[in-house]
Amino acid sequence: MAVIVQKYGGTSVGDTDRIRAVARRVARTRLAGNDLVVVVSAMGHTTDQFIELSRQVSGNDHPREMDMLLTAGERISMALLAMAIRDQGVEAVSLTGSQAGIITNTVHGHAEIEEVRAFRVKDHLDKGDVVIVAGFQGVSGESKEITTLGRGGSDATAVAMAHFLKADACEIYTDVDGVLTADPRLEPEARKLDEVSFEEMMEFAAAGAQVLMMRSVELGWRRGVPLHVRSSFHDGEGTWVREGVEGPPGLVGVAHDPVQALVGLAGEGAVAEVDAALQAAGVSGATVGRGPAGVGAAVPRDQAAAALAALASGGGNRAVTLDEEVGTVSVVGAALRARPEAAAQAAAILADAGIAVLLTAAVPLRVSCVVPLSMVDDAVRVLHRSMLVPPSGEGR
Ligand code: ADP
Ligand code: ASP
Ligand code: MG
């Protein structure tokens, strides 16, 4: 009998009609003879609403209490889905992350899964129950406190569960047809990819392609769990994320990240110098490169202050600059390994379209341009239409 893990994201369980639709799909899969674990996200924008509520009661940070608050979202959807599945004549039981044995470190808000002890999940599967697991959460092995895994973390719950259960499939159901060559909310011409390698998907997610949480891709890669990203609205094939993909290296797509800040060192300077200063200060996820005003880096906006301080202390007497109204637009794909000119090409395409390029950077599978926040959406379309030519050409 096959063991299947299915994960349903926020939109897929966004209202009670959607929950009943998921319940019907789950019941169908179970009645076809599969053992089934279903990982759920919070309904719709519940997590954002909880964050907003916390801001209304306090201006301070409360990492432990935030995790107590945010984990409630997934508990609501898991219980409602279990009820709806039982109405389909299929036995189902819901478990929190802690009950399901998701053991993490103690970093509230960004906990990492250290171990899975899903023995209760196995017992329920042996009894024939569908097991619903609340995504995005676990319990610290050390402090026994409840933790969350970071935004989009239900994807990581699903991958960890699939690995523990040696599942035959790990299906990530979402509100788009799969992994597309760009965010379809910005680029209507974006195309679904049939397959993408773990390595490319890591880079795509790191560059802002929201459809999979980066850490879940990393976990799938390390543990050898292929992922099938697909629509919860129809039965069509989605995108396979797996180890090797067929054919010559191509481009995956254009990703954007609108929550970035640009820090820079005016005048002469080396990219390696900026890189070293940011790394020494523990600033993660920086895109280091060069722009018209000098060397610098795009960093996640919540790390802008730390990045600025790092450059100020490491940059001698040179002026340090900060612009918090920027975003990155990146082209990703294995083909870029053989295209050292791609970064300059992307910057020239954007400049020709009247988009100011504040910084250009290249790493092996990605080229990124930092642009003013107001121009990010246009930049996605411009780069997609000129660099991601249809399948007969270089794209997939
Ligand atoms: P879920 O709640 O199912 O986890 P997310 O909102 O986390 O869904 O991710 C799906 C969304 O990711 C899509 O609605 C889409 O707008 C966005 N997205 C961004 N980049 C891409 C991409 N390259 N391919 C597919 N979707 C993308
Ligand atoms: N509900 C959480 C979030 O909105 C986790 C998830 O959806 O995967 O980030
Ligand atoms: Mg998600």
# chains A, B, ... in the order shown; residues from 1 in each chain; ligands from 1
call {"tool": "residues_around", "arguments": {"residues": "Ala362 in chain A", "least_positions_apart": "6", "cutoff": "8 Å", "atoms": "only C-alpha atoms", "output": "list in words"}}
result
Gly289, Ala343 and Ser368 of chain A
call {"tool": "write_last_selection", "arguments": {"atoms": "N, CA, C and O atoms", "output": "short mmCIF file (atom, residue, chain, number, x, y, z; two decimals), in the first residue's frame"}}
result
data_model
loop_
_atom_site.label_atom_id
_atom_site.label_comp_id
_atom_site.auth_asym_id
_atom_site.auth_seq_id
_atom_site.Cartn_x
_atom_site.Cartn_y
_atom_site.Cartn_z
N GLY A 289 27.13 42.76 -4.73
CA GLY A 289 27.49 43.08 -6.12
C GLY A 289 27.96 44.51 -6.25
O GLY A 289 28.38 45.15 -5.27
N ALA A 343 24.71 38.58 -16.33
CA ALA A 343 24.38 39.65 -15.38
C ALA A 343 24.37 41.01 -16.09
O ALA A 343 23.42 41.80 -15.95
N SER A 368 21.20 38.69 -10.33
CA SER A 368 20.20 39.52 -9.67
C SER A 368 20.46 40.99 -9.96
O SER A 368 21.62 41.41 -10.00
#
call {"tool": "select_by_dssp", "arguments": {"residues": "range 95-256 of chain A", "states": "alpha helix (DSSP H)", "output": "ChimeraX atom specification"}}
result
/A:119-126,154-164,198-206,214-223
call {"tool": "write_last_selection", "arguments": {"atoms": "C-alpha atoms", "output": "JSON list (two decimals), in the first residue's frame"}}
result
[["chain", "number", "residue", "atom", "x", "y", "z"],
["A", 119, "PHE", "CA", 5.29, 7.29, 16.03],
["A", 120, "ARG", "CA", 1.76, 8.44, 16.87],
["A", 121, "VAL", "CA", 1.23, 9.25, 13.21],
["A", 122, "LYS", "CA", 2.33, 5.71, 12.31],
["A", 123, "ASP", "CA", 0.02, 4.14, 14.89],
["A", 124, "HIS", "CA", -2.95, 6.02, 13.46],
["A", 125, "LEU", "CA", -1.99, 5.04, 9.91],
["A", 126, "ASP", "CA", -1.82, 1.40, 11.03],
["A", 154, "SER", "CA", 4.17, 23.89, 6.33],
["A", 155, "ASP", "CA", 6.15, 22.86, 3.25],
["A", 156, "ALA", "CA", 8.99, 21.80, 5.56],
["A", 157, "THR", "CA", 6.60, 19.85, 7.80],
["A", 158, "ALA", "CA", 5.40, 17.92, 4.74],
["A", 159, "VAL", "CA", 8.91, 17.07, 3.54],
["A", 160, "ALA", "CA", 10.08, 16.00, 7.02],
["A", 161, "MET", "CA", 7.00, 13.82, 7.43],
["A", 162, "ALA", "CA", 7.44, 12.26, 3.97],
["A", 163, "HIS", "CA", 11.05, 11.41, 4.80],
["A", 164, "PHE", "CA", 10.19, 9.84, 8.17],
["A", 198, "PHE", "CA", 16.61, 20.70, -6.29],
["A", 199, "GLU", "CA", 19.65, 22.91, -6.80],
["A", 200, "GLU", "CA", 17.85, 25.29, -9.15],
["A", 201, "MET", "CA", 14.71, 25.32, -7.00],
["A", 202, "MET", "CA", 16.81, 26.24, -3.95],
["A", 203, "GLU", "CA", 18.19, 29.22, -5.80],
["A", 204, "PHE", "CA", 14.75, 30.14, -7.20],
["A", 205, "ALA", "CA", 13.18, 30.03, -3.73],
["A", 206, "ALA", "CA", 16.09, 31.98, -2.24],
["A", 214, "MET", "CA", 13.54, 27.42, 0.61],
["A", 215, "ARG", "CA", 14.27, 25.28, 3.64],
["A", 216, "SER", "CA", 11.77, 22.66, 2.50],
["A", 217, "VAL", "CA", 13.62, 22.35, -0.82],
["A", 218, "GLU", "CA", 16.91, 22.01, 1.03],
["A", 219, "LEU", "CA", 15.41, 19.32, 3.26],
["A", 220, "GLY", "CA", 13.99, 17.45, 0.27],
["A", 221, "TRP", "CA", 17.36, 17.61, -1.46],
["A", 222, "ARG", "CA", 19.35, 16.44, 1.57],
["A", 223, "ARG", "CA", 16.92, 13.64, 2.40]]
call {"tool": "residues_near_ligand", "arguments": {"ligand": "ligand 3", "cutoff": "6 Å", "atoms": "only C-alpha atoms and all ligand atoms", "output": "tab-separated table (two decimals) with N, CA and C atoms, in the first residue's frame"}}
result
chain	number	residue	atom	x	y	z
A	9	GLY	N	-1.92	24.35	1.14
A	9	GLY	CA	-1.57	25.70	1.58
A	9	GLY	C	-2.80	26.53	1.94
A	152	GLY	N	5.79	30.10	5.52
A	152	GLY	CA	5.76	29.04	4.51
A	152	GLY	C	6.19	27.68	5.04
A	211	VAL	N	6.58	29.98	-4.07
A	211	VAL	CA	5.74	28.78	-4.15
A	211	VAL	C	6.23	27.64	-3.26
A	212	LEU	N	7.53	27.58	-2.98
A	212	LEU	CA	8.06	26.60	-2.02
A	212	LEU	C	8.97	27.32	-1.04
call {"tool": "closest_residue", "arguments": {"among": "A:Gly314, A:Gly269, A:Gly354, A:Pro300", "to": "Ser284 in chain A", "atoms": "only C-alpha atoms"}}
result
A:Pro300
call {"tool": "residues_around", "arguments": {"residues": "range 66-68 of chain A", "least_positions_apart": "5", "cutoff": "10 Å", "atoms": "only C-alpha atoms", "output": "ChimeraX atom specification"}}
result
/A:50-51,54,61,73,108-110,137-138,145-150
call {"tool": "residues_near_ligand", "arguments": {"ligand": "ligand 1", "cutoff": "6 Å", "atoms": "only C-alpha atoms and all ligand atoms", "output": "list in words"}}
result
Gly9, Gly10, Thr11, Gly152, Thr174, Asp175, Val176, Gly178, Val179, Leu180, Thr181, Ala182, Asp183, Pro184, Arg185, Ala209, Gln210 and Val211 of chain A
call {"tool": "select_by_dssp", "arguments": {"residues": "range 209-368 of chain A", "states": "strand (DSSP E or B)", "output": "ChimeraX atom specification"}}
result
/A:227-231,239-242,251,253-267,287-291,294-300,320-332,359-363,366-368
call {"tool": "residues_around", "arguments": {"residues": "Ser231 in chain A", "least_positions_apart": "3", "cutoff": "10 Å", "atoms": "only C-alpha atoms", "output": "list in words"}}
result
Tyr8, Ser12, Glu171, Ile172, Tyr173, Thr174, Asp175, Val176, Asp177, Gly178, His228, His234, Asp235, Gly236, Glu237, Gly238 and Thr239 of chain A
call {"tool": "write_last_selection", "arguments": {"atoms": "C-alpha atoms", "output": "PDB file, in the first residue's frame"}}
result
ATOM      1  CA  TYR A   8      -2.495  22.004   1.392  1.00  0.00           C
ATOM      2  CA  SER A  12      -6.424  25.689  -0.654  1.00  0.00           C
ATOM      3  CA  GLU A 171       2.506  16.367  -2.928  1.00  0.00           C
ATOM      4  CA  ILE A 172       2.432  20.123  -2.294  1.00  0.00           C
ATOM      5  CA  TYR A 173      -1.026  21.399  -3.250  1.00  0.00           C
ATOM      6  CA  THR A 174      -1.274  25.127  -3.853  1.00  0.00           C
ATOM      7  CA  ASP A 175      -3.240  27.822  -5.711  1.00  0.00           C
ATOM      8  CA  VAL A 176      -1.175  27.732  -8.945  1.00  0.00           C
ATOM      9  CA  ASP A 177      -0.502  24.911 -11.423  1.00  0.00           C
ATOM     10  CA  GLY A 178       3.039  24.241 -10.172  1.00  0.00           C
ATOM     11  CA  HIS A 228       5.313  17.288  -6.691  1.00  0.00           C
ATOM     12  CA  HIS A 234      -7.771  20.444 -10.590  1.00  0.00           C
ATOM     13  CA  ASP A 235      -6.133  17.051 -11.137  1.00  0.00           C
ATOM     14  CA  GLY A 236      -3.498  18.071 -13.723  1.00  0.00           C
ATOM     15  CA  GLU A 237       0.191  17.223 -13.315  1.00  0.00           C
ATOM     16  CA  GLY A 238       2.208  19.937 -11.644  1.00  0.00           C
ATOM     17  CA  THR A 239       5.977  20.407 -11.372  1.00  0.00           C
TER      18      THR A 239
END
call {"tool": "closest_residue", "arguments": {"among": "A:Lys127, A:Arg75, A:Arg151, A:Arg318", "to": "ligand 2", "atoms": "only C-alpha atoms and all ligand atoms"}}
result
A:Arg151
call {"tool": "residues_around", "arguments": {"residues": "Gly97 in chain A", "least_positions_apart": "2", "cutoff": "7 Å", "atoms": "only C-alpha atoms", "output": "ChimeraX atom specification"}}
result
/A:95,99-102,133-135,137-138
call {"tool": "closest_residue", "arguments": {"among": "A:Pro258, A:Gly247, A:Pro364, A:Gly141", "to": "Arg337 in chain A", "atoms": "only C-alpha atoms"}}
result
A:Pro364
call {"tool": "residues_around", "arguments": {"residues": "range 29-35 of chain A", "least_positions_apart": "4", "cutoff": "6 Å", "atoms": "only C-alpha atoms", "output": "mmCIF file with N, CA, C and O atoms, in the first residue's frame"}}
result
data_model
loop_
_atom_site.group_PDB
_atom_site.id
_atom_site.type_symbol
_atom_site.label_atom_id
_atom_site.label_comp_id
_atom_site.auth_asym_id
_atom_site.auth_seq_id
_atom_site.Cartn_x
_atom_site.Cartn_y
_atom_site.Cartn_z
ATOM 1 N N MET A 1 0.848 -1.204 0.000
ATOM 2 C CA MET A 1 0.000 0.000 0.000
ATOM 3 C C MET A 1 0.883 1.254 0.000
ATOM 4 O O MET A 1 1.827 1.325 0.782
ATOM 5 N N ALA A 2 0.569 2.215 -0.857
ATOM 6 C CA ALA A 2 1.414 3.417 -0.940
ATOM 7 C C ALA A 2 1.141 4.348 0.244
ATOM 8 O O ALA A 2 0.017 4.415 0.747
ATOM 9 N N VAL A 3 2.201 5.027 0.682
ATOM 10 C CA VAL A 3 2.044 6.070 1.709
ATOM 11 C C VAL A 3 2.204 7.409 1.003
ATOM 12 O O VAL A 3 3.206 7.638 0.313
#
call {"tool": "residues_around", "arguments": {"residues": "Thr287 in chain A", "least_positions_apart": "5", "cutoff": "12 Å", "atoms": "only C-alpha atoms", "output": "mmCIF file with all heavy atoms, in the first residue's frame"}}
result
data_model
loop_
_atom_site.group_PDB
_atom_site.id
_atom_site.type_symbol
_atom_site.label_atom_id
_atom_site.label_comp_id
_atom_site.auth_asym_id
_atom_site.auth_seq_id
_atom_site.Cartn_x
_atom_site.Cartn_y
_atom_site.Cartn_z
ATOM 1 N N GLU A 203 17.783 27.877 -5.405
ATOM 2 C CA GLU A 203 18.193 29.224 -5.803
ATOM 3 C C GLU A 203 16.962 30.068 -6.149
ATOM 4 O O GLU A 203 16.899 31.259 -5.826
ATOM 5 C CB GLU A 203 19.129 29.118 -7.017
ATOM 6 C CG GLU A 203 20.072 30.267 -7.205
ATOM 7 C CD GLU A 203 21.015 30.489 -6.028
ATOM 8 O OE1 GLU A 203 21.676 29.535 -5.606
ATOM 9 O OE2 GLU A 203 21.085 31.632 -5.553
ATOM 10 N N ALA A 206 15.279 30.979 -2.942
ATOM 11 C CA ALA A 206 16.095 31.977 -2.237
ATOM 12 C C ALA A 206 15.929 33.350 -2.870
ATOM 13 O O ALA A 206 15.984 34.373 -2.184
ATOM 14 C CB ALA A 206 17.565 31.561 -2.260
ATOM 15 N N ALA A 207 15.698 33.377 -4.180
ATOM 16 C CA ALA A 207 15.549 34.651 -4.894
ATOM 17 C C ALA A 207 14.136 35.210 -4.759
ATOM 18 O O ALA A 207 13.858 36.297 -5.261
ATOM 19 C CB ALA A 207 15.908 34.457 -6.368
ATOM 20 N N ASP A 257 11.937 39.682 -5.209
ATOM 21 C CA ASP A 257 11.817 39.809 -3.756
ATOM 22 C C ASP A 257 11.651 41.284 -3.426
ATOM 23 O O ASP A 257 12.606 42.062 -3.513
ATOM 24 C CB ASP A 257 13.071 39.232 -3.077
ATOM 25 C CG ASP A 257 12.930 39.245 -1.560
ATOM 26 O OD1 ASP A 257 12.068 39.992 -1.047
ATOM 27 O OD2 ASP A 257 13.684 38.521 -0.890
ATOM 28 N N GLN A 260 13.481 43.906 0.258
ATOM 29 C CA GLN A 260 14.928 43.988 0.367
ATOM 30 C C GLN A 260 15.337 45.438 0.687
ATOM 31 O O GLN A 260 14.559 46.379 0.493
ATOM 32 C CB GLN A 260 15.564 43.576 -0.970
ATOM 33 C CG GLN A 260 15.319 42.129 -1.338
ATOM 34 C CD GLN A 260 16.393 41.198 -0.808
ATOM 35 O OE1 GLN A 260 17.565 41.364 -1.068
ATOM 36 N NE2 GLN A 260 15.978 40.207 -0.045
ATOM 37 N N ALA A 261 16.556 45.576 1.172
ATOM 38 C CA ALA A 261 17.151 46.903 1.370
ATOM 39 C C ALA A 261 18.533 46.868 0.745
ATOM 40 O O ALA A 261 19.158 45.801 0.667
ATOM 41 C CB ALA A 261 17.259 47.220 2.858
ATOM 42 N N LEU A 262 18.981 48.034 0.275
ATOM 43 C CA LEU A 262 20.295 48.105 -0.377
ATOM 44 C C LEU A 262 21.256 48.877 0.526
ATOM 45 O O LEU A 262 20.983 50.019 0.900
ATOM 46 C CB LEU A 262 20.151 48.826 -1.721
ATOM 47 C CG LEU A 262 21.424 49.034 -2.528
ATOM 48 C CD1 LEU A 262 22.033 47.698 -2.943
ATOM 49 C CD2 LEU A 262 21.117 49.872 -3.785
ATOM 50 N N VAL A 263 22.356 48.215 0.900
ATOM 51 C CA VAL A 263 23.396 48.928 1.639
ATOM 52 C C VAL A 263 24.604 49.037 0.726
ATOM 53 O O VAL A 263 24.884 48.136 -0.065
ATOM 54 C CB VAL A 263 23.793 48.200 2.957
ATOM 55 C CG1 VAL A 263 22.679 48.276 3.975
ATOM 56 C CG2 VAL A 263 24.191 46.755 2.702
ATOM 57 N N GLY A 264 25.316 50.150 0.806
ATOM 58 C CA GLY A 264 26.445 50.349 -0.111
ATOM 59 C C GLY A 264 27.601 51.063 0.541
ATOM 60 O O GLY A 264 27.454 51.744 1.563
ATOM 61 N N VAL A 271 33.975 43.629 -3.849
ATOM 62 C CA VAL A 271 32.797 42.844 -3.502
ATOM 63 C C VAL A 271 33.125 41.919 -2.325
ATOM 64 O O VAL A 271 32.328 41.769 -1.388
ATOM 65 C CB VAL A 271 32.339 42.057 -4.755
ATOM 66 C CG1 VAL A 271 31.347 40.969 -4.383
ATOM 67 C CG2 VAL A 271 31.721 43.012 -5.770
ATOM 68 N N ALA A 272 34.332 41.329 -2.358
ATOM 69 C CA ALA A 272 34.716 40.377 -1.302
ATOM 70 C C ALA A 272 34.748 41.047 0.072
ATOM 71 O O ALA A 272 34.447 40.425 1.091
ATOM 72 C CB ALA A 272 36.082 39.778 -1.617
ATOM 73 N N VAL A 274 32.777 43.519 1.107
ATOM 74 C CA VAL A 274 31.395 43.648 1.591
ATOM 75 C C VAL A 274 30.894 42.290 2.083
ATOM 76 O O VAL A 274 30.303 42.165 3.160
ATOM 77 C CB VAL A 274 30.477 44.176 0.458
ATOM 78 C CG1 VAL A 274 29.015 44.170 0.888
ATOM 79 C CG2 VAL A 274 30.910 45.569 0.041
ATOM 80 N N ASP A 275 31.188 41.280 1.287
ATOM 81 C CA ASP A 275 30.782 39.922 1.633
ATOM 82 C C ASP A 275 31.318 39.536 3.018
ATOM 83 O O ASP A 275 30.574 39.050 3.880
ATOM 84 C CB ASP A 275 31.367 38.966 0.577
ATOM 85 C CG ASP A 275 30.494 37.755 0.362
ATOM 86 O OD1 ASP A 275 29.381 37.730 0.916
ATOM 87 O OD2 ASP A 275 30.936 36.836 -0.341
ATOM 88 N N LEU A 278 29.637 41.451 5.959
ATOM 89 C CA LEU A 278 28.271 40.989 6.250
ATOM 90 C C LEU A 278 28.285 39.615 6.910
ATOM 91 O O LEU A 278 27.545 39.352 7.851
ATOM 92 C CB LEU A 278 27.430 40.957 4.966
ATOM 93 C CG LEU A 278 27.159 42.327 4.335
ATOM 94 C CD1 LEU A 278 26.383 42.177 3.038
ATOM 95 C CD2 LEU A 278 26.377 43.218 5.296
ATOM 96 N N GLN A 279 29.158 38.755 6.403
ATOM 97 C CA GLN A 279 29.232 37.408 6.996
ATOM 98 C C GLN A 279 29.695 37.465 8.442
ATOM 99 O O GLN A 279 29.154 36.783 9.306
ATOM 100 C CB GLN A 279 30.187 36.539 6.181
ATOM 101 C CG GLN A 279 29.517 36.068 4.896
ATOM 102 C CD GLN A 279 30.137 34.783 4.364
ATOM 103 O OE1 GLN A 279 30.775 34.047 5.105
ATOM 104 N NE2 GLN A 279 29.938 34.548 3.075
ATOM 105 N N VAL A 295 30.330 49.428 -4.464
ATOM 106 C CA VAL A 295 29.952 48.055 -4.102
ATOM 107 C C VAL A 295 28.871 48.098 -3.029
ATOM 108 O O VAL A 295 28.714 49.097 -2.333
ATOM 109 C CB VAL A 295 31.167 47.238 -3.583
ATOM 110 C CG1 VAL A 295 32.111 46.884 -4.706
ATOM 111 C CG2 VAL A 295 31.875 47.963 -2.456
ATOM 112 N N GLY A 296 28.142 46.992 -2.917
ATOM 113 C CA GLY A 296 27.088 46.971 -1.910
ATOM 114 C C GLY A 296 26.393 45.630 -1.890
ATOM 115 O O GLY A 296 26.872 44.657 -2.479
ATOM 116 N N ALA A 297 25.273 45.598 -1.197
ATOM 117 C CA ALA A 297 24.529 44.341 -1.090
ATOM 118 C C ALA A 297 23.053 44.613 -0.866
ATOM 119 O O ALA A 297 22.679 45.569 -0.181
ATOM 120 C CB ALA A 297 25.071 43.515 0.075
ATOM 121 N N ALA A 298 22.227 43.753 -1.458
ATOM 122 C CA ALA A 298 20.812 43.731 -1.101
ATOM 123 C C ALA A 298 20.671 42.715 0.029
ATOM 124 O O ALA A 298 21.237 41.624 -0.047
ATOM 125 C CB ALA A 298 19.983 43.302 -2.302
ATOM 126 N N VAL A 299 19.958 43.110 1.062
ATOM 127 C CA VAL A 299 19.739 42.210 2.204
ATOM 128 C C VAL A 299 18.251 42.217 2.545
ATOM 129 O O VAL A 299 17.552 43.183 2.227
ATOM 130 C CB VAL A 299 20.548 42.662 3.451
ATOM 131 C CG1 VAL A 299 22.046 42.614 3.182
ATOM 132 C CG2 VAL A 299 20.122 44.042 3.921
ATOM 133 N N PRO A 300 17.757 41.143 3.178
ATOM 134 C CA PRO A 300 16.363 41.175 3.630
ATOM 135 C C PRO A 300 16.134 42.437 4.474
ATOM 136 O O PRO A 300 16.984 42.792 5.300
ATOM 137 C CB PRO A 300 16.234 39.903 4.477
ATOM 138 C CG PRO A 300 17.297 38.987 3.926
ATOM 139 C CD PRO A 300 18.424 39.879 3.504
ATOM 140 N N ALA A 307 23.127 45.185 8.652
ATOM 141 C CA ALA A 307 24.018 45.244 7.489
ATOM 142 C C ALA A 307 24.710 46.603 7.417
ATOM 143 O O ALA A 307 25.917 46.704 7.125
ATOM 144 C CB ALA A 307 23.213 44.993 6.209
ATOM 145 N N GLY A 327 13.863 46.385 -4.400
ATOM 146 C CA GLY A 327 13.593 44.951 -4.481
ATOM 147 C C GLY A 327 14.616 44.323 -5.408
ATOM 148 O O GLY A 327 15.321 45.024 -6.142
ATOM 149 N N THR A 328 14.709 42.995 -5.367
ATOM 150 C CA THR A 328 15.605 42.314 -6.312
ATOM 151 C C THR A 328 14.769 41.578 -7.358
ATOM 152 O O THR A 328 13.677 41.087 -7.076
ATOM 153 C CB THR A 328 16.501 41.271 -5.608
ATOM 154 O OG1 THR A 328 15.675 40.415 -4.836
ATOM 155 C CG2 THR A 328 17.531 41.926 -4.721
ATOM 156 N N VAL A 329 15.322 41.520 -8.550
ATOM 157 C CA VAL A 329 14.737 40.729 -9.628
ATOM 158 C C VAL A 329 15.850 39.816 -10.126
ATOM 159 O O VAL A 329 16.950 40.293 -10.416
ATOM 160 C CB VAL A 329 14.224 41.637 -10.768
ATOM 161 C CG1 VAL A 329 13.528 40.816 -11.833
ATOM 162 C CG2 VAL A 329 13.277 42.676 -10.206
ATOM 163 N N SER A 330 15.592 38.509 -10.187
ATOM 164 C CA SER A 330 16.668 37.558 -10.468
ATOM 165 C C SER A 330 16.268 36.597 -11.572
ATOM 166 O O SER A 330 15.109 36.171 -11.643
ATOM 167 C CB SER A 330 16.971 36.719 -9.221
ATOM 168 O OG SER A 330 17.233 37.547 -8.113
ATOM 169 N N LEU A 359 22.182 47.891 -8.521
ATOM 170 C CA LEU A 359 23.254 46.940 -8.199
ATOM 171 C C LEU A 359 23.040 45.695 -9.070
ATOM 172 O O LEU A 359 21.906 45.315 -9.348
ATOM 173 C CB LEU A 359 23.159 46.537 -6.726
ATOM 174 C CG LEU A 359 24.307 45.685 -6.190
ATOM 175 C CD1 LEU A 359 25.219 46.568 -5.314
ATOM 176 C CD2 LEU A 359 23.787 44.548 -5.313
ATOM 177 N N THR A 360 24.144 45.091 -9.488
ATOM 178 C CA THR A 360 24.056 43.839 -10.254
ATOM 179 C C THR A 360 24.945 42.814 -9.570
ATOM 180 O O THR A 360 26.052 43.147 -9.141
ATOM 181 C CB THR A 360 24.552 44.048 -11.704
ATOM 182 O OG1 THR A 360 23.854 45.169 -12.253
ATOM 183 C CG2 THR A 360 24.269 42.840 -12.571
ATOM 184 N N ALA A 361 24.452 41.582 -9.459
ATOM 185 C CA ALA A 361 25.225 40.543 -8.774
ATOM 186 C C ALA A 361 25.058 39.222 -9.507
ATOM 187 O O ALA A 361 24.050 38.989 -10.172
ATOM 188 C CB ALA A 361 24.731 40.391 -7.336
ATOM 189 N N ALA A 362 26.062 38.360 -9.385
ATOM 190 C CA ALA A 362 25.976 37.040 -10.020
ATOM 191 C C ALA A 362 26.539 35.978 -9.087
ATOM 192 O O ALA A 362 27.590 36.173 -8.477
ATOM 193 C CB ALA A 362 26.753 37.045 -11.334
ATOM 194 N N VAL A 363 25.817 34.879 -8.956
ATOM 195 C CA VAL A 363 26.340 33.678 -8.295
ATOM 196 C C VAL A 363 26.114 32.556 -9.302
ATOM 197 O O VAL A 363 25.443 32.767 -10.313
ATOM 198 C CB VAL A 363 25.636 33.404 -6.935
ATOM 199 C CG1 VAL A 363 25.989 34.473 -5.916
ATOM 200 C CG2 VAL A 363 24.134 33.284 -7.102
ATOM 201 N N ARG A 366 22.457 32.098 -10.579
ATOM 202 C CA ARG A 366 21.524 33.234 -10.496
ATOM 203 C C ARG A 366 22.215 34.533 -10.840
ATOM 204 O O ARG A 366 23.376 34.740 -10.467
ATOM 205 C CB ARG A 366 20.973 33.300 -9.070
ATOM 206 C CG ARG A 366 20.268 34.584 -8.699
ATOM 207 C CD ARG A 366 19.530 34.426 -7.396
ATOM 208 N NE ARG A 366 20.396 34.222 -6.252
ATOM 209 C CZ ARG A 366 20.792 35.183 -5.425
ATOM 210 N NH1 ARG A 366 20.417 36.435 -5.619
ATOM 211 N NH2 ARG A 366 21.571 34.905 -4.401
ATOM 212 N N VAL A 367 21.512 35.407 -11.559
ATOM 213 C CA VAL A 367 21.939 36.805 -11.667
ATOM 214 C C VAL A 367 20.820 37.650 -11.078
ATOM 215 O O VAL A 367 19.640 37.348 -11.253
ATOM 216 C CB VAL A 367 22.247 37.242 -13.122
ATOM 217 C CG1 VAL A 367 23.387 36.415 -13.694
ATOM 218 C CG2 VAL A 367 21.033 37.152 -14.007
ATOM 219 N N SER A 368 21.199 38.687 -10.331
ATOM 220 C CA SER A 368 20.197 39.523 -9.672
ATOM 221 C C SER A 368 20.464 40.995 -9.955
ATOM 222 O O SER A 368 21.625 41.411 -10.001
ATOM 223 C CB SER A 368 20.243 39.331 -8.151
ATOM 224 O OG SER A 368 19.876 38.033 -7.810
ATOM 225 N N CYS A 369 19.377 41.745 -10.126
ATOM 226 C CA CYS A 369 19.487 43.197 -10.242
ATOM 227 C C CYS A 369 18.642 43.813 -9.134
ATOM 228 O O CYS A 369 17.505 43.366 -8.885
ATOM 229 C CB CYS A 369 18.963 43.675 -11.587
ATOM 230 S SG CYS A 369 19.966 43.108 -12.975
ATOM 231 N N VAL A 370 19.194 44.823 -8.474
ATOM 232 C CA VAL A 370 18.426 45.576 -7.478
ATOM 233 C C VAL A 370 17.825 46.778 -8.190
ATOM 234 O O VAL A 370 18.533 47.512 -8.887
ATOM 235 C CB VAL A 370 19.339 46.038 -6.322
ATOM 236 C CG1 VAL A 370 18.534 46.832 -5.297
ATOM 237 C CG2 VAL A 370 20.005 44.832 -5.660
#
call {"tool": "closest_residue", "arguments": {"among": "A:Gln345, A:Thr106, A:Gln303, A:Ser58", "to": "Ser140 in chain A", "atoms": "only C-alpha atoms"}}
result
A:Thr106
call {"tool": "closest_residue", "arguments": {"among": "A:Arg301, A:His45, A:Arg28, A:Arg20", "to": "ligand 2", "atoms": "only C-alpha atoms and all ligand atoms"}}
result
A:His45
call {"tool": "atom_distance", "arguments": {"atom1": "CA of Asn105 in chain A", "atom2": "CA of Glu142 in chain A"}}
result
7.1 Å
call {"tool": "closest_residue", "arguments": {"among": "A:Val130, A:Val259, A:Ala169, A:Ala293", "to": "Arg86 in chain A", "atoms": "only C-alpha atoms"}}
result
A:Val130
call {"tool": "atom_distance", "arguments": {"atom1": "CA of Met78 in chain A", "atom2": "CA of Glu52 in chain A"}}
result
22.2 Å
